[in-house]
$ cat input-v3.txt   # compact mmCIF, C-alpha atoms
# COMPACT_ATOMS: atom_id res chain seq x y z
CA MET A 633 -30.72 -31.56 98.80
CA ASN A 634 -28.40 -31.96 101.78
CA GLN A 635 -25.42 -33.79 100.20
CA GLY A 636 -23.15 -33.71 103.25
CA LEU A 637 -24.13 -30.20 104.36
CA GLY A 638 -23.57 -28.94 100.82
CA LEU A 639 -19.89 -30.00 100.73
CA SER A 640 -18.05 -32.59 98.73
CA ALA A 641 -16.25 -35.30 100.72
CA THR A 642 -12.88 -33.67 100.02
CA ALA A 643 -14.21 -30.30 101.10
CA ARG A 644 -15.59 -31.68 104.36
CA LEU A 645 -12.21 -33.15 105.27
CA ALA A 646 -10.31 -29.99 104.31
CA LEU A 647 -12.68 -27.80 106.26
CA LEU A 648 -12.44 -29.96 109.38
CA GLN A 649 -8.65 -29.81 109.20
CA ARG A 650 -8.65 -26.04 108.83
CA LEU A 651 -11.09 -25.55 111.71
CA SER A 652 -9.06 -27.88 113.91
CA LYS A 653 -5.90 -25.85 113.26
CA ARG A 654 -7.74 -22.61 113.96
CA ARG A 655 -9.09 -23.99 117.26
CA ALA A 656 -5.58 -25.03 118.30
CA ARG A 657 -4.23 -21.54 117.53
CA GLN A 658 -7.06 -19.95 119.53
CA GLU A 659 -6.34 -22.12 122.55
CA GLU A 660 -2.62 -21.41 122.35
CA SER A 661 -2.98 -17.64 121.90
CA GLY A 662 -5.50 -17.31 124.75
CA ALA A 663 -3.63 -19.39 127.30
CA GLY A 664 -2.82 -17.51 130.50
CA ASP A 665 -4.40 -14.24 129.41
CA GLY A 666 -7.46 -13.67 131.57
CA ARG A 667 -8.24 -10.39 129.79
CA SER A 668 -8.44 -11.88 126.30
CA PHE A 669 -11.85 -11.65 124.68
CA GLY A 670 -10.81 -14.71 122.71
CA ASP A 671 -11.53 -16.78 125.80
CA VAL A 672 -15.25 -16.06 125.51
CA PRO A 673 -16.67 -19.39 124.21
CA ALA A 674 -19.28 -17.81 121.94
CA LEU A 675 -16.70 -15.44 120.47
CA ARG A 676 -14.37 -18.34 119.72
CA ASP A 677 -17.19 -20.15 117.96
CA PHE A 678 -17.91 -17.00 115.95
CA GLU A 679 -14.28 -16.84 114.83
CA LEU A 680 -14.47 -20.46 113.71
CA LEU A 681 -17.59 -19.65 111.70
CA LYS A 682 -15.71 -16.82 109.99
CA THR A 683 -12.89 -19.25 109.17
CA ALA A 684 -15.38 -21.68 107.65
CA MET A 685 -16.93 -18.95 105.48
CA GLU A 686 -13.50 -17.84 104.27
CA ALA A 687 -12.50 -21.42 103.49
CA LEU A 688 -15.66 -21.94 101.47
CA ASP A 689 -15.18 -18.63 99.67
CA LEU A 690 -18.55 -17.38 100.94
CA PRO A 691 -18.97 -13.59 100.98
CA ASN A 692 -20.49 -12.03 104.08
CA PRO A 693 -24.13 -11.29 103.14
CA PHE A 694 -24.73 -9.05 106.16
CA PHE A 695 -24.35 -5.30 106.77
CA ARG A 696 -24.49 -4.39 103.08
CA PRO A 697 -25.38 -0.67 102.97
CA HIS A 698 -28.53 0.23 101.01
CA GLN A 699 -28.24 3.57 99.26
CA GLY A 700 -31.91 4.53 99.20
CA VAL A 701 -35.34 3.29 100.24
CA ALA A 702 -35.43 -0.50 100.54
CA GLY A 703 -38.70 -1.53 98.95
CA ALA A 704 -39.49 -4.01 96.19
CA THR A 705 -36.14 -2.97 94.75
CA THR A 706 -33.09 -1.48 96.40
CA VAL A 707 -29.71 -0.04 95.46
CA ILE A 708 -26.56 -1.61 96.93
CA GLY A 709 -23.15 -0.54 95.72
CA ASN A 710 -24.74 1.55 92.95
CA ASP A 711 -26.51 -1.51 91.50
CA GLU A 712 -30.25 -2.16 91.66
CA TYR A 713 -31.54 -5.43 93.11
CA LEU A 714 -34.87 -7.14 93.46
CA ASN A 715 -35.23 -6.92 97.22
CA PHE A 716 -36.67 -9.57 99.53
CA SER A 717 -34.96 -8.57 102.77
CA SER A 718 -37.19 -5.73 103.93
CA TYR A 719 -39.98 -5.49 106.53
CA ASN A 720 -41.60 -2.76 104.44
CA TYR A 721 -44.64 -5.01 104.14
CA LEU A 722 -47.25 -2.48 103.01
CA ASP A 723 -44.82 -0.39 100.93
CA LEU A 724 -45.33 2.68 103.12
CA ASN A 725 -41.73 3.53 103.96
CA ASN A 726 -41.52 6.04 101.09
CA ASP A 727 -45.16 7.09 101.15
CA PRO A 728 -45.48 10.91 100.83
CA ARG A 729 -48.11 11.03 103.61
CA VAL A 730 -45.85 9.22 106.07
CA LYS A 731 -42.90 11.44 105.19
CA ALA A 732 -45.05 14.56 105.55
CA ALA A 733 -46.16 13.47 109.02
CA ALA A 734 -42.54 12.85 109.96
CA HIS A 735 -41.46 16.27 108.67
CA ALA A 736 -44.26 18.00 110.57
CA ALA A 737 -43.23 16.25 113.80
CA ILE A 738 -39.63 17.33 113.32
CA GLU A 739 -40.69 20.93 112.74
CA ARG A 740 -42.78 20.93 115.91
CA HIS A 741 -40.78 18.76 118.31
CA GLY A 742 -37.29 18.39 116.86
CA ILE A 743 -35.71 14.97 116.49
CA SER A 744 -35.54 13.51 120.00
CA ALA A 745 -37.87 13.43 123.00
CA SER A 746 -34.68 14.33 124.90
CA ALA A 747 -35.73 12.64 128.14
CA SER A 748 -37.57 9.75 129.66
CA ARG A 749 -41.31 10.25 129.21
CA VAL A 750 -41.73 10.04 132.99
CA VAL A 751 -39.40 13.00 133.47
CA SER A 752 -40.09 15.45 130.64
CA GLY A 753 -40.08 13.45 127.41
CA GLU A 754 -43.87 13.15 127.00
CA ARG A 755 -45.26 14.54 123.74
CA PRO A 756 -48.88 14.60 122.49
CA LEU A 757 -47.98 12.19 119.68
CA HIS A 758 -47.16 9.47 122.21
CA ALA A 759 -50.67 9.44 123.64
CA GLU A 760 -52.25 9.68 120.17
CA LEU A 761 -50.31 6.66 118.91
CA GLU A 762 -51.01 4.60 122.02
CA ALA A 763 -54.73 5.39 121.83
CA ALA A 764 -54.80 4.36 118.15
CA LEU A 765 -53.00 1.09 118.90
CA ALA A 766 -55.39 0.30 121.76
CA THR A 767 -58.35 0.92 119.44
CA HIS A 768 -56.75 -1.30 116.78
CA TYR A 769 -56.80 -4.22 119.24
CA GLY A 770 -60.01 -3.32 121.02
CA ALA A 771 -57.89 -3.02 124.17
CA GLU A 772 -58.27 -0.57 127.05
CA ASP A 773 -54.85 0.99 126.68
CA ALA A 774 -51.40 0.67 125.10
CA ILE A 775 -47.81 1.70 125.77
CA CYS A 776 -44.95 2.28 123.30
CA LEU A 777 -41.26 1.66 123.96
CA VAL A 778 -38.22 2.61 121.90
CA SER A 779 -37.32 -0.93 120.77
CA GLY A 780 -39.34 -3.97 119.78
CA HIS A 781 -36.73 -6.34 121.20
CA ALA A 782 -36.51 -4.35 124.43
CA THR A 783 -40.30 -4.35 124.73
CA ASN A 784 -40.40 -8.11 125.14
CA VAL A 785 -37.29 -8.22 127.31
CA THR A 786 -38.43 -5.56 129.74
CA VAL A 787 -42.14 -6.46 129.93
CA ILE A 788 -41.70 -10.22 130.31
CA GLY A 789 -38.74 -9.73 132.64
CA HIS A 790 -40.71 -7.26 134.76
CA LEU A 791 -44.03 -9.12 134.84
CA MET A 792 -42.80 -12.61 135.74
CA GLY A 793 -40.64 -13.82 138.62
CA PRO A 794 -38.69 -16.80 139.99
CA ARG A 795 -41.80 -18.58 141.33
CA ASP A 796 -43.54 -18.39 137.94
CA VAL A 797 -43.52 -20.49 134.78
CA ILE A 798 -43.27 -19.34 131.17
CA LEU A 799 -44.22 -21.65 128.31
CA HIS A 800 -43.19 -20.58 124.83
CA ASP A 801 -43.19 -21.95 121.33
CA ALA A 802 -39.81 -23.46 120.46
CA MET A 803 -39.55 -20.98 117.56
CA ILE A 804 -40.39 -17.89 119.62
CA HIS A 805 -38.33 -14.78 118.97
CA ASN A 806 -35.08 -14.25 120.86
CA SER A 807 -36.52 -11.19 122.62
CA CYS A 808 -39.11 -13.36 124.38
CA VAL A 809 -36.47 -15.88 125.40
CA GLU A 810 -34.26 -13.13 126.81
CA GLY A 811 -37.19 -11.65 128.70
CA ALA A 812 -37.98 -15.04 130.19
CA ARG A 813 -34.36 -15.50 131.27
CA LEU A 814 -34.33 -12.06 132.87
CA SER A 815 -37.47 -12.84 134.86
CA GLY A 816 -35.90 -15.87 136.54
CA ALA A 817 -39.10 -17.84 135.89
CA ARG A 818 -38.98 -21.48 134.90
CA ARG A 819 -38.85 -21.49 131.11
CA ILE A 820 -40.37 -24.38 129.15
CA PRO A 821 -40.35 -24.51 125.33
CA PHE A 822 -42.94 -26.64 123.54
CA ALA A 823 -42.90 -28.12 120.04
CA HIS A 824 -43.51 -25.51 117.36
CA ASN A 825 -47.16 -24.76 116.69
CA ASP A 826 -48.34 -27.71 118.79
CA PRO A 827 -51.11 -26.69 121.22
CA ALA A 828 -51.43 -30.23 122.57
CA ALA A 829 -47.74 -30.26 123.51
CA ALA A 830 -48.13 -26.85 125.12
CA GLU A 831 -51.02 -28.04 127.25
CA ARG A 832 -49.17 -31.16 128.37
CA GLU A 833 -46.21 -29.07 129.48
CA LEU A 834 -48.40 -26.49 131.20
CA ALA A 835 -50.49 -29.08 133.02
CA ALA A 836 -47.33 -30.71 134.36
CA ALA A 837 -45.77 -27.42 135.50
CA ARG A 838 -48.77 -25.38 136.60
CA ARG A 839 -49.42 -26.77 140.08
CA GLY A 840 -46.04 -25.82 141.53
CA ALA A 841 -45.90 -22.39 139.91
CA GLY A 842 -47.18 -19.01 141.01
CA ARG A 843 -48.24 -17.31 137.80
CA ALA A 844 -48.11 -18.75 134.29
CA LEU A 845 -47.53 -17.08 130.93
CA ILE A 846 -47.90 -18.62 127.46
CA LEU A 847 -45.89 -16.91 124.68
CA ILE A 848 -46.66 -17.38 121.00
CA GLU A 849 -46.26 -15.35 117.82
CA GLY A 850 -49.11 -14.35 115.54
CA HIS A 851 -46.99 -14.98 112.43
CA TYR A 852 -43.71 -16.79 112.90
CA SER A 853 -40.81 -14.88 111.43
CA MET A 854 -38.78 -17.93 110.42
CA ASP A 855 -41.43 -20.20 108.90
CA GLY A 856 -44.19 -17.76 107.95
CA ASP A 857 -46.85 -19.95 109.57
CA VAL A 858 -49.52 -19.09 112.16
CA PRO A 859 -50.77 -20.75 115.38
CA ASP A 860 -54.30 -21.84 116.28
CA LEU A 861 -55.16 -18.81 118.40
CA ALA A 862 -58.48 -20.11 119.71
CA ARG A 863 -56.82 -23.27 121.03
CA PHE A 864 -54.19 -21.30 122.90
CA ILE A 865 -56.84 -19.05 124.42
CA GLU A 866 -58.68 -22.14 125.64
CA ILE A 867 -55.51 -23.60 127.13
CA ALA A 868 -54.66 -20.37 128.91
CA ARG A 869 -58.12 -20.12 130.44
CA ARG A 870 -58.23 -23.77 131.46
CA HIS A 871 -54.93 -23.51 133.31
CA ASP A 872 -55.31 -19.99 134.76
CA ALA A 873 -52.49 -18.57 132.62
CA TRP A 874 -51.92 -15.34 130.76
CA LEU A 875 -51.59 -15.48 126.98
CA MET A 876 -49.20 -13.08 125.25
CA VAL A 877 -49.10 -12.87 121.45
CA ASP A 878 -46.17 -11.25 119.63
CA GLU A 879 -47.63 -9.66 116.48
CA ALA A 880 -44.39 -8.19 115.17
CA HIS A 881 -44.91 -9.86 111.77
CA SER A 882 -48.72 -10.20 111.81
CA MET A 883 -50.02 -6.71 112.59
CA GLY A 884 -50.94 -5.22 109.21
CA VAL A 885 -50.22 -8.54 107.51
CA LEU A 886 -52.90 -11.00 108.63
CA GLY A 887 -56.65 -10.58 108.24
CA ALA A 888 -58.64 -8.81 105.54
CA THR A 889 -57.93 -5.39 107.05
CA GLY A 890 -54.58 -6.16 108.68
CA HIS A 891 -55.90 -6.46 112.22
CA GLY A 892 -53.75 -9.54 112.76
CA ILE A 893 -54.24 -13.15 113.66
CA ALA A 894 -57.46 -12.58 115.60
CA GLU A 895 -59.10 -11.15 112.48
CA LEU A 896 -57.63 -13.84 110.23
CA GLN A 897 -59.09 -16.62 112.38
CA GLY A 898 -62.30 -14.91 113.49
CA VAL A 899 -61.33 -14.90 117.17
CA ASP A 900 -62.31 -12.28 119.75
CA PRO A 901 -59.08 -10.35 120.48
CA ALA A 902 -60.25 -9.90 124.09
CA GLY A 903 -59.25 -13.53 124.68
CA VAL A 904 -55.58 -12.49 124.53
CA ASP A 905 -54.26 -10.91 127.74
CA ILE A 906 -51.25 -9.13 126.23
CA TRP A 907 -50.82 -8.05 122.64
CA MET A 908 -47.28 -7.11 121.68
CA GLY A 909 -46.01 -5.76 118.39
CA THR A 910 -43.38 -3.59 116.72
CA LEU A 911 -43.52 -0.25 114.96
CA SER A 912 -40.68 -1.14 112.61
CA LYS A 913 -42.45 -3.32 110.06
CA THR A 914 -45.95 -2.50 108.84
CA LEU A 915 -45.82 0.88 110.59
CA CYS A 916 -42.51 2.03 109.04
CA SER A 917 -41.00 3.36 112.23
CA CYS A 918 -39.02 1.92 115.13
CA GLY A 919 -40.08 0.73 118.58
CA GLY A 920 -42.45 -1.70 120.24
CA TYR A 921 -45.83 -1.64 121.95
CA ILE A 922 -48.05 -3.50 124.40
CA ALA A 923 -51.86 -3.37 124.24
CA ALA A 924 -53.77 -4.74 127.21
CA LYS A 925 -55.97 -3.82 130.15
CA ARG A 926 -55.47 -0.32 131.54
CA GLN A 927 -54.39 -1.65 134.95
CA LEU A 928 -51.40 -3.46 133.42
CA ILE A 929 -50.47 -0.61 131.08
CA ASN A 930 -50.58 1.97 133.86
CA TRP A 931 -48.32 -0.18 136.02
CA LEU A 932 -45.84 -0.67 133.16
CA ARG A 933 -45.87 3.05 132.43
CA HIS A 934 -44.74 3.81 135.97
CA THR A 935 -42.47 0.85 136.75
CA ALA A 936 -41.15 -1.06 133.68
CA PRO A 937 -37.35 -0.43 133.55
CA GLY A 938 -37.17 -0.34 129.74
CA PHE A 939 -39.75 2.44 129.73
CA VAL A 940 -39.07 4.44 132.90
CA TYR A 941 -35.28 4.53 132.47
CA SER A 942 -35.21 4.99 128.69
CA VAL A 943 -35.58 8.12 126.61
CA GLY A 944 -39.05 8.42 125.12
CA LEU A 945 -39.87 7.36 121.58
CA ALA A 946 -38.66 10.04 119.17
CA PRO A 947 -41.65 12.19 118.12
CA VAL A 948 -40.78 11.70 114.45
CA LEU A 949 -41.09 7.93 114.92
CA ALA A 950 -44.40 8.24 116.73
CA ALA A 951 -45.76 10.42 113.94
CA SER A 952 -44.58 8.00 111.23
CA ALA A 953 -46.18 5.04 112.98
CA LEU A 954 -49.44 6.89 113.62
CA GLN A 955 -49.77 7.95 109.97
CA SER A 956 -48.92 4.44 108.75
CA LEU A 957 -51.57 2.97 111.05
CA GLN A 958 -54.15 5.37 109.65
CA ILE A 959 -53.25 4.41 106.06
CA LEU A 960 -53.49 0.72 106.98
CA HIS A 961 -57.06 1.26 108.16
CA GLU A 962 -58.00 3.35 105.12
CA GLU A 963 -56.35 1.19 102.44
CA PRO A 964 -56.85 -2.53 103.17
CA TRP A 965 -56.04 -3.25 99.52
CA ARG A 966 -52.40 -3.08 100.56
CA VAL A 967 -52.89 -6.08 102.85
CA ALA A 968 -54.60 -8.00 100.06
CA LYS A 969 -51.78 -7.21 97.61
CA LEU A 970 -49.13 -8.28 100.11
CA ASN A 971 -50.84 -11.62 100.74
CA ALA A 972 -51.41 -12.21 97.03
CA ASN A 973 -47.72 -11.64 96.33
CA ALA A 974 -46.61 -13.95 99.14
CA ALA A 975 -49.00 -16.72 98.11
CA ARG A 976 -47.88 -16.36 94.48
CA PHE A 977 -44.24 -16.67 95.51
CA ARG A 978 -44.82 -19.63 97.85
CA ASP A 979 -46.91 -21.51 95.28
CA GLY A 980 -44.39 -20.67 92.57
CA LEU A 981 -41.54 -22.22 94.57
CA ARG A 982 -43.51 -25.39 95.11
CA ALA A 983 -44.53 -25.58 91.45
CA ARG A 984 -40.83 -25.52 90.57
CA GLY A 985 -40.07 -28.40 92.93
CA LEU A 986 -38.60 -26.24 95.71
CA ASP A 987 -39.43 -26.46 99.42
CA ALA A 988 -41.32 -23.45 100.82
CA GLY A 989 -41.64 -25.04 104.23
CA ALA A 990 -44.79 -24.37 106.23
CA SER A 991 -45.35 -20.82 104.94
CA GLY A 992 -48.94 -19.64 105.07
CA GLY A 993 -48.27 -17.32 102.13
CA HIS A 994 -48.87 -14.10 104.06
CA ALA A 995 -45.57 -12.18 103.89
CA ILE A 996 -42.75 -14.57 104.83
CA VAL A 997 -41.73 -17.43 102.55
CA PRO A 998 -38.70 -19.60 103.36
CA LEU A 999 -36.78 -21.59 100.79
CA MET A 1000 -35.53 -24.59 102.73
CA THR A 1001 -32.02 -25.66 101.77
CA GLY A 1002 -31.22 -28.28 104.43
CA SER A 1003 -27.69 -26.93 104.76
CA SER A 1004 -26.14 -23.71 106.03
CA VAL A 1005 -23.44 -23.88 103.38
CA ARG A 1006 -25.99 -24.35 100.62
CA ALA A 1007 -28.06 -21.46 101.98
CA GLY A 1008 -25.00 -19.19 102.03
CA ARG A 1009 -23.92 -20.16 98.54
CA LEU A 1010 -27.41 -19.80 97.09
CA SER A 1011 -27.76 -16.35 98.66
CA ALA A 1012 -24.42 -15.29 97.17
CA GLU A 1013 -25.29 -16.61 93.71
CA LEU A 1014 -28.67 -14.89 93.75
CA PHE A 1015 -27.05 -11.62 94.79
CA ALA A 1016 -24.72 -11.93 91.81
CA ARG A 1017 -27.83 -12.30 89.64
CA GLY A 1018 -29.58 -9.26 91.08
CA VAL A 1019 -31.70 -10.74 93.88
CA ASN A 1020 -31.12 -9.64 97.47
CA VAL A 1021 -32.24 -12.29 99.99
CA GLN A 1022 -30.57 -13.29 103.26
CA PRO A 1023 -29.62 -16.80 104.41
CA ILE A 1024 -30.75 -18.07 107.82
CA THR A 1025 -28.21 -20.59 109.06
CA PHE A 1026 -27.11 -22.52 112.12
CA PRO A 1027 -27.23 -21.62 115.01
CA ALA A 1028 -30.19 -19.30 114.31
CA VAL A 1029 -32.02 -22.43 113.14
CA PRO A 1030 -31.08 -26.13 113.32
CA GLU A 1031 -28.66 -27.09 110.54
CA ARG A 1032 -31.26 -29.20 108.74
CA ALA A 1033 -33.63 -26.19 108.79
CA ALA A 1034 -31.23 -23.73 107.11
CA ARG A 1035 -32.98 -21.57 104.53
CA LEU A 1036 -33.28 -18.40 102.57
CA ARG A 1037 -36.00 -16.15 103.97
CA PHE A 1038 -37.98 -14.07 101.49
CA PHE A 1039 -39.98 -11.08 102.73
CA LEU A 1040 -42.66 -10.08 100.24
CA THR A 1041 -44.23 -6.62 100.14
CA ALA A 1042 -47.29 -4.93 98.66
CA GLY A 1043 -44.85 -3.07 96.42
CA HIS A 1044 -43.68 -6.11 94.48
CA THR A 1045 -45.26 -6.56 91.06
CA GLU A 1046 -46.35 -9.93 89.70
CA ALA A 1047 -43.64 -9.61 87.05
CA GLN A 1048 -40.97 -9.11 89.73
CA VAL A 1049 -42.25 -12.10 91.68
CA ASP A 1050 -42.29 -14.36 88.61
CA ARG A 1051 -38.87 -13.19 87.43
CA THR A 1052 -37.41 -13.93 90.86
CA LEU A 1053 -38.97 -17.39 90.91
CA ASP A 1054 -37.30 -18.24 87.61
CA ILE A 1055 -33.92 -16.92 88.79
CA VAL A 1056 -34.17 -18.86 92.06
CA ALA A 1057 -35.09 -22.12 90.34
CA GLU A 1058 -32.27 -21.82 87.79
CA THR A 1059 -29.70 -20.89 90.43
CA ALA A 1060 -30.72 -23.59 92.89
CA ALA A 1061 -30.49 -26.25 90.18
CA GLY A 1062 -26.95 -25.19 89.30
CA ILE A 1063 -25.35 -25.34 92.75
CA ALA A 1064 -23.10 -28.38 93.16
CA PRO A 1065 -21.45 -29.46 96.46
CA ALA A 1066 -18.94 -26.81 97.57
CA GLU A 1067 -15.17 -27.10 97.65
CA VAL A 1068 -12.80 -25.44 100.11
CA ALA A 1069 -10.96 -22.42 98.69
CA GLY A 1070 -7.20 -22.65 98.64
$ encode --input "input-v3.txt" --output "structure tokens"
Amino acid sequence: MNQGLGLSATARLALLQRLSKRRARQEESGAGDGRSFGDVPALRDFELLKTAMEALDLPNPFFRPHQGVAGATTVIGNDEYLNFSSYNYLDLNNDPRVKAAAHAAIERHGISASASRVVSGERPLHAELEAALATHYGAEDAICLVSGHATNVTVIGHLMGPRDVILHDAMIHNSCVEGARLSGARRIPFAHNDPAAAERELAAARRGAGRALILIEGHYSMDGDVPDLARFIEIARRHDAWLMVDEAHSMGVLGATGHGIAELQGVDPAGVDIWMGTLSKTLCSCGGYIAAKRQLINWLRHTAPGFVYSVGLAPVLAASALQSLQILHEEPWRVAKLNANAARFRDGLRARGLDAGASGGHAIVPLMTGSSVRAGRLSAELFARGVNVQPITFPAVPERAARLRFFLTAGHTEAQVDRTLDIVAETAAGIAPAEVAG
């Protein structure tokens, strides 16, 4: 499927020549100007990527405005699309009960908390949501922050220090990596979903370290696979380390009632020291949370920079998340429908000779393309045929691991899933190696 990164031989040569000329112009224009943003290496690489997309006549698939609720279908530019680029896993984003809870919160509290919760931004909804999240995990307490990404950055960065060691799955989310960098701790990635590799790395690093933290995800957002939670709990205990599990894509997705990876694998959730998750996916809101022992939560509530020095979670968002969590607990059929749709899509790709990677068939199903160019072109062709799905390309993943990433929801019908499978198979079969646009 690779075929020279999805380019013909002539196209590869033409693209290299164009990129070389662009690099030379960048170096010439930035010479001697210390204030030029063009001298930032990552920005220069970004400009080269834009040049490559233009040369290959690839439209930018990002930042397309949706003109309504993005569910199983969505409207972009006044046209309706089958939508597979939404975290609306349980199809609650347009649920009348969630909207009613949001409206009631606005009527009572307005839009914003208007201050840090420590100062005067505390609202009753904050405590109600945190108590419900703690109960969901069987934890002593929980804390909510205004951003999922910032939750990992601030908590990991605050908890760990330069004398410590952090081991994380090689495919861990960027927010965990940034938090580890902020902490100053020694950061060691281990091979994806490989507990044996994690233990080898931890055993080698543990003796010279102060504290140790293992970071994994409950449901990996790129591959849609899950780790062996029990093994990681054993490793953490054996080496006197904390285990932190990011459930951004597994809370409300995994397990018969959506209680996450612990429920899916029949593991006692008390074996995990720190549960982290987001409010922006299953819970149709925005923000992040930590569920853990009360001692840790109380300390974070009074000292974590991303909480203490940030405005509190908007009451309307707390209300939306709280209502969504209640519906999750009352209507587990949504979890079953989501997983059935994802498994149907994954198995349908494989039956048509396409590579669905390591997806567990829970909500996230990649279509591996082996080439960033091929991923971009396939995404563009599918969009032209009424299917909205985003490409994941280098450097977000290694070039050989480029893909389209399909997010399934409980709102998709079997007919929509099957229709999309046929469109994807037909489109993928018709894509020849790309040429460079004149």
$ residues_around --input "input-v3.txt" --residues "stretch 722-731 of chain A" --least-positions-apart "6" --cutoff "6 Å" --atoms "all atoms listed in the file" --output "list in words"
Thr914, Cys916, Ser952, Gln955, Arg966, Thr1041, Ala1042 and Gly1043 of chain A
$ closest_atom_pairs --input "input-v3.txt" --of "stretch 961-1035 of chain A" --to "stretch 667-687 of chain A" --cutoff "12 Å" --atoms "only C-alpha atoms" --output "CSV"
residue,atom,partner,partner_atom,distance
A:Ser1004,CA,A:Met685,CA,10.4
A:Val1005,CA,A:Met685,CA,8.4
A:Arg1006,CA,A:Met685,CA,11.6
A:Ala1007,CA,A:Met685,CA,11.9
A:Gly1008,CA,A:Met685,CA,8.8
A:Arg1009,CA,A:Met685,CA,9.9
A:Ala1012,CA,A:Met685,CA,11.8
A:Thr1025,CA,A:Leu681,CA,11.0
A:Phe1026,CA,A:Leu681,CA,10.0
A:Pro1027,CA,A:Leu681,CA,10.4
$ closest_residue --input "input-v3.txt" --among "A:Ala771, A:Ala894, A:Ala812, A:Leu757" --to "A:Ala736" --atoms "all atoms listed in the file"
A:Leu757
$ atom_distance --input "input-v3.txt" --atom1 "atom CA of A:Ile929" --atom2 "atom CA of A:Gly842"
21.2 Å
$ closest_residue --input "input-v3.txt" --among "A:Ala983, A:Ala817, A:Leu861, A:Ala968" --to "A:Tyr721" --atoms "all atoms listed in the file"
A:Ala968
$ residues_around --input "input-v3.txt" --residues "stretch 880-891 of chain A" --least-positions-apart "4" --cutoff "9 Å" --atoms "all atoms listed in the file" --output "PyMOL selection string"
chain A and resi 719+721-722+768-769+780+849-853+856+858+895-898+908-915+920+957+960-968+970-971+994-996
$ write_last_selection --input "input-v3.txt" --atoms "C-alpha atoms" --output "PDB file, in the coordinates of the input"
ATOM      1  CA  TYR A 719     -39.980  -5.490 106.530  1.00  0.00           C
ATOM      2  CA  TYR A 721     -44.640  -5.010 104.140  1.00  0.00           C
ATOM      3  CA  LEU A 722     -47.250  -2.480 103.010  1.00  0.00           C
ATOM      4  CA  HIS A 768     -56.750  -1.300 116.780  1.00  0.00           C
ATOM      5  CA  TYR A 769     -56.800  -4.220 119.240  1.00  0.00           C
ATOM      6  CA  GLY A 780     -39.340  -3.970 119.780  1.00  0.00           C
ATOM      7  CA  GLU A 849     -46.260 -15.350 117.820  1.00  0.00           C
ATOM      8  CA  GLY A 850     -49.110 -14.350 115.540  1.00  0.00           C
ATOM      9  CA  HIS A 851     -46.990 -14.980 112.430  1.00  0.00           C
ATOM     10  CA  TYR A 852     -43.710 -16.790 112.900  1.00  0.00           C
ATOM     11  CA  SER A 853     -40.810 -14.880 111.430  1.00  0.00           C
ATOM     12  CA  GLY A 856     -44.190 -17.760 107.950  1.00  0.00           C
ATOM     13  CA  VAL A 858     -49.520 -19.090 112.160  1.00  0.00           C
ATOM     14  CA  GLU A 895     -59.100 -11.150 112.480  1.00  0.00           C
ATOM     15  CA  LEU A 896     -57.630 -13.840 110.230  1.00  0.00           C
ATOM     16  CA  GLN A 897     -59.090 -16.620 112.380  1.00  0.00           C
ATOM     17  CA  GLY A 898     -62.300 -14.910 113.490  1.00  0.00           C
ATOM     18  CA  MET A 908     -47.280  -7.110 121.680  1.00  0.00           C
ATOM     19  CA  GLY A 909     -46.010  -5.760 118.390  1.00  0.00           C
ATOM     20  CA  THR A 910     -43.380  -3.590 116.720  1.00  0.00           C
ATOM     21  CA  LEU A 911     -43.520  -0.250 114.960  1.00  0.00           C
ATOM     22  CA  SER A 912     -40.680  -1.140 112.610  1.00  0.00           C
ATOM     23  CA  LYS A 913     -42.450  -3.320 110.060  1.00  0.00           C
ATOM     24  CA  THR A 914     -45.950  -2.500 108.840  1.00  0.00           C
ATOM     25  CA  LEU A 915     -45.820   0.880 110.590  1.00  0.00           C
ATOM     26  CA  GLY A 920     -42.450  -1.700 120.240  1.00  0.00           C
ATOM     27  CA  LEU A 957     -51.570   2.970 111.050  1.00  0.00           C
ATOM     28  CA  LEU A 960     -53.490   0.720 106.980  1.00  0.00           C
ATOM     29  CA  HIS A 961     -57.060   1.260 108.160  1.00  0.00           C
ATOM     30  CA  GLU A 962     -58.000   3.350 105.120  1.00  0.00           C
ATOM     31  CA  GLU A 963     -56.350   1.190 102.440  1.00  0.00           C
ATOM     32  CA  PRO A 964     -56.850  -2.530 103.170  1.00  0.00           C
ATOM     33  CA  TRP A 965     -56.040  -3.250  99.520  1.00  0.00           C
ATOM     34  CA  ARG A 966     -52.400  -3.080 100.560  1.00  0.00           C
ATOM     35  CA  VAL A 967     -52.890  -6.080 102.850  1.00  0.00           C
ATOM     36  CA  ALA A 968     -54.600  -8.000 100.060  1.00  0.00           C
ATOM     37  CA  LEU A 970     -49.130  -8.280 100.110  1.00  0.00           C
ATOM     38  CA  ASN A 971     -50.840 -11.620 100.740  1.00  0.00           C
ATOM     39  CA  HIS A 994     -48.870 -14.100 104.060  1.00  0.00           C
ATOM     40  CA  ALA A 995     -45.570 -12.180 103.890  1.00  0.00           C
ATOM     41  CA  ILE A 996     -42.750 -14.570 104.830  1.00  0.00           C
TER      42      ILE A 996
END
$ closest_residue --input "input-v3.txt" --among "A:Ala946, A:Cys918, A:Ala988, A:Met1000" --to "A:Leu1036" --atoms "only C-alpha atoms"
A:Met1000
$ atom_distance --input "input-v3.txt" --atom1 "atom CA of A:Asp773" --atom2 "atom CA of A:His805"
24.1 Å
$ residues_near_point --input "input-v3.txt" --point "(-58.1, -4.3, 134.1)" --cutoff "12 Å" --atoms "all atoms listed in the file" --output "list in words"
Ala771, Glu772, Asp773, Ala902, Asp905, Ile906, Ala923, Ala924, Lys925, Arg926, Gln927, Leu928, Ile929, Asn930 and Trp931 of chain A
